[in-house]
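**Student:** Could you have a look at this structure, given as structure tokens, before my questions?
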Amino acid sequence: MDTTDQLASVCCLITAEAPAPEGRFFAVDGFLPEAARRGDCCVLLPSQDGTRARELLAAGFARVLLGEAALRDAQTVAELAAGFGPERIGVLAPVKRMQVSWIMDSESNADFKVMRPSLCEPSWEILTGSGVRTGTLAGWWIGEMLKLGAGSVVIQVDIVDDADMNIAAGLMEEYGARLWFSPLEQTEPPIDDLIRFGKISQIVLPQVVFTAYLGNLEREREAGERQAQLGHA
């Protein structure tokens, strides 16, 4: 089911055996819907290869999003986009904040040594499908994948502070509607803040989180109706 408010489109991500929701949705390979719903389903492939992607596209799934396969061989993205169209090809980018180390700098000034950070500003790095840090800058990698023909990117990330929010807003400013954001591990992502401060317009929520989100929307709607009725009383 697509739930759209004034600012964001929110879709469901199927990660276990469960009925497919109405409308467009995402699913992890291994928990795919019946044949009749393939045209509504975008499939996440965290570690599967290009061969599996081709099988799914030929079977009629709306879109595949490659994870480790794109990290190992970026040309896989270009080849799939050329063969099936960019609108059916995307990449999956699980990310975490890049860790900062301190380095002794003796080159910038010969008279004394100073400690400098390895990063000038907060950044995200790409993870493998099993969560291993790669050291690959997420912003750069996402841009390269889009240049190669990927039509969309699902960024899996836990937004925990203003620095993360600023990174998200910067990516949205650069790539806009080609980006979807999804929590990496969070069970209660700050959805309102993501929309307001992160400028995020498309969100993918795991099914349990998605169901809770819909429940909150319904309660807010009912509360608004009650308030309106009291105002007219």
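Following the order of the structure tokens, chains are lettered A, B, ..., residues in each are numbered from 1, and ligands are numbered from 1.
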Let's see if you can do this: from backbone DSSP, list all strand (DSSP E) residues in region 5-103 of chain A, as a PyMOL selection string.
**Tutor:** chain A and resi 9-14+25-28+41-45+63-66+89-97+102-103
**Student:** Using C-alpha atoms, can you write the selected residues to a file as a CSV table (one decimal), in the first residue's frame?
**Tutor:**
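So part.csv came out as:
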```csv
chain,number,residue,atom,x,y,z
A,9,SER,CA,5.3,8.6,0.0
A,10,VAL,CA,5.6,5.7,2.4
A,11,CYS,CA,5.8,2.1,1.2
A,12,CYS,CA,5.9,-1.3,2.9
A,13,LEU,CA,8.9,-3.6,2.9
A,14,ILE,CA,8.1,-7.3,3.2
A,25,PHE,CA,5.6,-2.4,-2.2
A,26,PHE,CA,9.2,-3.7,-1.7
A,27,ALA,CA,10.2,-7.2,-0.7
A,28,VAL,CA,13.5,-8.9,0.2
A,41,CYS,CA,6.9,-5.5,-6.3
A,42,CYS,CA,10.4,-4.0,-6.1
A,43,VAL,CA,12.9,-6.7,-5.0
A,44,LEU,CA,15.8,-6.0,-2.8
A,45,LEU,CA,18.9,-8.2,-3.5
A,63,ARG,CA,12.3,-3.5,-10.3
A,64,VAL,CA,15.4,-5.1,-8.7
A,65,LEU,CA,17.8,-3.3,-6.5
A,66,LEU,CA,21.3,-4.7,-6.3
A,89,ILE,CA,17.1,-1.2,-12.0
A,90,GLY,CA,18.2,0.3,-8.7
A,91,VAL,CA,20.8,-0.2,-6.0
A,92,LEU,CA,20.5,-1.0,-2.4
A,93,ALA,CA,22.8,1.0,-0.1
A,94,PRO,CA,23.0,0.0,3.5
A,95,VAL,CA,25.1,2.7,5.3
A,96,LYS,CA,26.5,3.7,8.6
A,97,ARG,CA,28.3,6.8,9.8
A,102,TRP,CA,43.0,10.9,14.2
A,103,ILE,CA,46.2,11.2,12.2
```
**Student:** DSSP on the backbone: which residues in region 31-140 of chain A end up as helix (DSSP H, G or I)? Give the answer as JSON, numbers by chain.
**Tutor:** {"A": [35, 36, 37, 38, 39, 40, 50, 51, 52, 53, 54, 55, 56, 57, 58, 68, 69, 70, 71, 72, 75, 76, 77, 78, 79, 80, 81, 82, 83, 84, 86, 87, 88, 138, 139, 140]}
**Student:** Of the residues A:Ala59, A:Ala35, A:Ala169, A:Leu184, which is the one nearest to Val157 (chain A), using only C-alpha atoms?
**Tutor:** A:Leu184
**Student:** Between A:Gln156, A:Ala69, A:Arg221, A:Asp164, single out the one closest to Val204 (chain A), counting only C-alpha atoms.
**Tutor:**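 Using only C-alpha atoms, Val204 (chain A) sits closest to A:Gln156.
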**Student:** Rank nothing, just name the residue among A:Ala53, A:Ile195, A:Leu127, A:Ala212 nearest to Thr76 (chain A), using only C-alpha atoms.
**Tutor:** A:Ala53
**Student:** Could you check which of A:Ala78, A:Ile200, A:Leu230, A:Ala18 is closest to Ala168 (chain A), using only C-alpha atoms?
**Tutor:**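 When distances to Ala168 (chain A) are compared using only C-alpha atoms, the smallest one comes from A:Ile200.
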**Student:** What's the 6 Å shell around Phe61 (chain A), counting only C-alpha atoms, without same-chain residues fewer than 4 positions away, as a ChimeraX atom specification?
**Tutor:** /A:38-39,41,56-57
**Student:** Kindly export the residues of the current selection with C-alpha atoms, as a PDB file, in the first residue's frame.
**Tutor:**
```pdb
ATOM      1  CA  ARG A  38       4.903  -9.208  -9.362  1.00  0.00           C
ATOM      2  CA  GLY A  39       4.239  -6.033 -11.300  1.00  0.00           C
ATOM      3  CA  CYS A  41       6.902  -5.476  -6.319  1.00  0.00           C
ATOM      4  CA  LEU A  56      13.360 -11.699 -11.508  1.00  0.00           C
ATOM      5  CA  LEU A  57      13.083  -9.046 -14.198  1.00  0.00           C
TER       6      LEU A  57
END
```
**Student:** Counting only C-alpha atoms, which of A:Trp140, A:Tyr175, A:Phe31, A:Tyr213 gets nearest to Asp192 (chain A)?
**Tutor:** A:Tyr213
**Student:** Pick out the residues sitting within 12 Å of Met172 (chain A), and hand them over as a list of chain:residue names; count only C-alpha atoms, and ignore anything fewer than 3 positions along from it in its own chain.
**Tutor:**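 What passes the distance filter is A:Gly139, A:Ile142, A:Gly143, A:Val153, A:Ile155, A:Met165, A:Asn166, A:Ile167, A:Ala168, A:Ala169, A:Tyr175, A:Gly176, A:Ala177, A:Arg178, A:Leu179, A:Trp180, A:Phe181, A:Leu194, A:Ile195, A:Phe197, A:Gly198, A:Lys199, A:Ile200, A:Ser201, A:Gln202.
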**Student:** Could you take the residues named above and write them with N, CA and C atoms, as a CSV table (one decimal), in the first residue's frame?
**Tutor:**
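part_1.csv was written with the following content:
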```
chain,number,residue,atom,x,y,z
A,139,GLY,N,27.9,8.9,-0.5
A,139,GLY,CA,27.4,9.9,-1.5
A,139,GLY,C,28.1,9.7,-2.8
A,142,ILE,N,26.7,6.4,-4.6
A,142,ILE,CA,25.4,6.5,-5.1
A,142,ILE,C,25.4,7.3,-6.4
A,143,GLY,N,26.1,8.4,-6.4
A,143,GLY,CA,26.2,9.2,-7.6
A,143,GLY,C,26.8,8.4,-8.8
A,153,VAL,N,17.6,4.4,-5.8
A,153,VAL,CA,18.5,3.9,-4.7
A,153,VAL,C,17.6,3.8,-3.4
A,155,ILE,N,18.3,3.7,0.4
A,155,ILE,CA,19.4,3.9,1.4
A,155,ILE,C,18.8,3.4,2.7
A,165,MET,N,20.9,13.7,9.8
A,165,MET,CA,19.8,14.4,9.1
A,165,MET,C,20.4,15.4,8.0
A,166,ASN,N,21.5,16.0,8.3
A,166,ASN,CA,22.1,16.9,7.3
A,166,ASN,C,22.6,16.1,6.1
A,167,ILE,N,23.2,15.0,6.4
A,167,ILE,CA,23.7,14.1,5.3
A,167,ILE,C,22.5,13.7,4.4
A,168,ALA,N,21.4,13.3,5.0
A,168,ALA,CA,20.2,12.9,4.2
A,168,ALA,C,19.7,14.1,3.4
A,169,ALA,N,19.6,15.3,4.0
A,169,ALA,CA,19.1,16.5,3.3
A,169,ALA,C,20.0,16.8,2.1
A,175,TYR,N,20.0,14.5,-5.4
A,175,TYR,CA,19.4,13.4,-6.2
A,175,TYR,C,17.9,13.3,-6.1
A,176,GLY,N,17.2,13.9,-5.2
A,176,GLY,CA,15.8,14.1,-5.1
A,176,GLY,C,15.0,12.8,-5.2
A,177,ALA,N,14.1,12.7,-6.1
A,177,ALA,CA,13.1,11.6,-6.2
A,177,ALA,C,13.7,10.3,-6.5
A,178,ARG,N,14.9,10.2,-6.9
A,178,ARG,CA,15.5,8.9,-7.2
A,178,ARG,C,15.9,8.2,-5.9
A,179,LEU,N,15.8,8.8,-4.7
A,179,LEU,CA,16.2,8.2,-3.5
A,179,LEU,C,15.0,7.8,-2.6
A,180,TRP,N,15.1,6.6,-2.0
A,180,TRP,CA,14.2,6.1,-1.0
A,180,TRP,C,15.0,5.8,0.2
A,181,PHE,N,14.5,6.1,1.4
A,181,PHE,CA,15.2,5.9,2.7
A,181,PHE,C,14.4,4.8,3.5
A,194,LEU,N,12.3,13.0,9.7
A,194,LEU,CA,12.9,12.7,8.4
A,194,LEU,C,12.3,13.5,7.2
A,195,ILE,N,11.0,13.7,7.3
A,195,ILE,CA,10.3,14.5,6.3
A,195,ILE,C,10.6,15.9,6.4
A,197,PHE,N,13.0,17.7,8.4
A,197,PHE,CA,14.4,18.2,8.5
A,197,PHE,C,15.3,17.5,7.5
A,198,GLY,N,15.1,16.2,7.2
A,198,GLY,CA,15.9,15.5,6.3
A,198,GLY,C,15.5,15.7,4.8
A,199,LYS,N,14.3,16.4,4.7
A,199,LYS,CA,13.7,16.6,3.3
A,199,LYS,C,13.5,15.4,2.5
A,200,ILE,N,13.3,14.3,3.3
A,200,ILE,CA,13.0,13.0,2.6
A,200,ILE,C,11.6,12.9,2.1
A,201,SER,N,11.4,12.5,0.9
A,201,SER,CA,10.1,12.4,0.2
A,201,SER,C,9.6,11.0,0.0
A,202,GLN,N,10.5,10.0,0.1
A,202,GLN,CA,10.1,8.6,-0.1
A,202,GLN,C,10.7,7.7,0.9
```
**Student:** Quote the spacing between CA of Glu185 (chain A) and CA of Ala163 (chain A) in Å to one decimal place.
**Tutor:** 17.9 Å
**Student:** Which one of A:Arg88, A:Gly67, A:Pro190, A:Arg52 sits closest to Asp40 (chain A) if you count only C-alpha atoms?
**Tutor:** A:Arg88
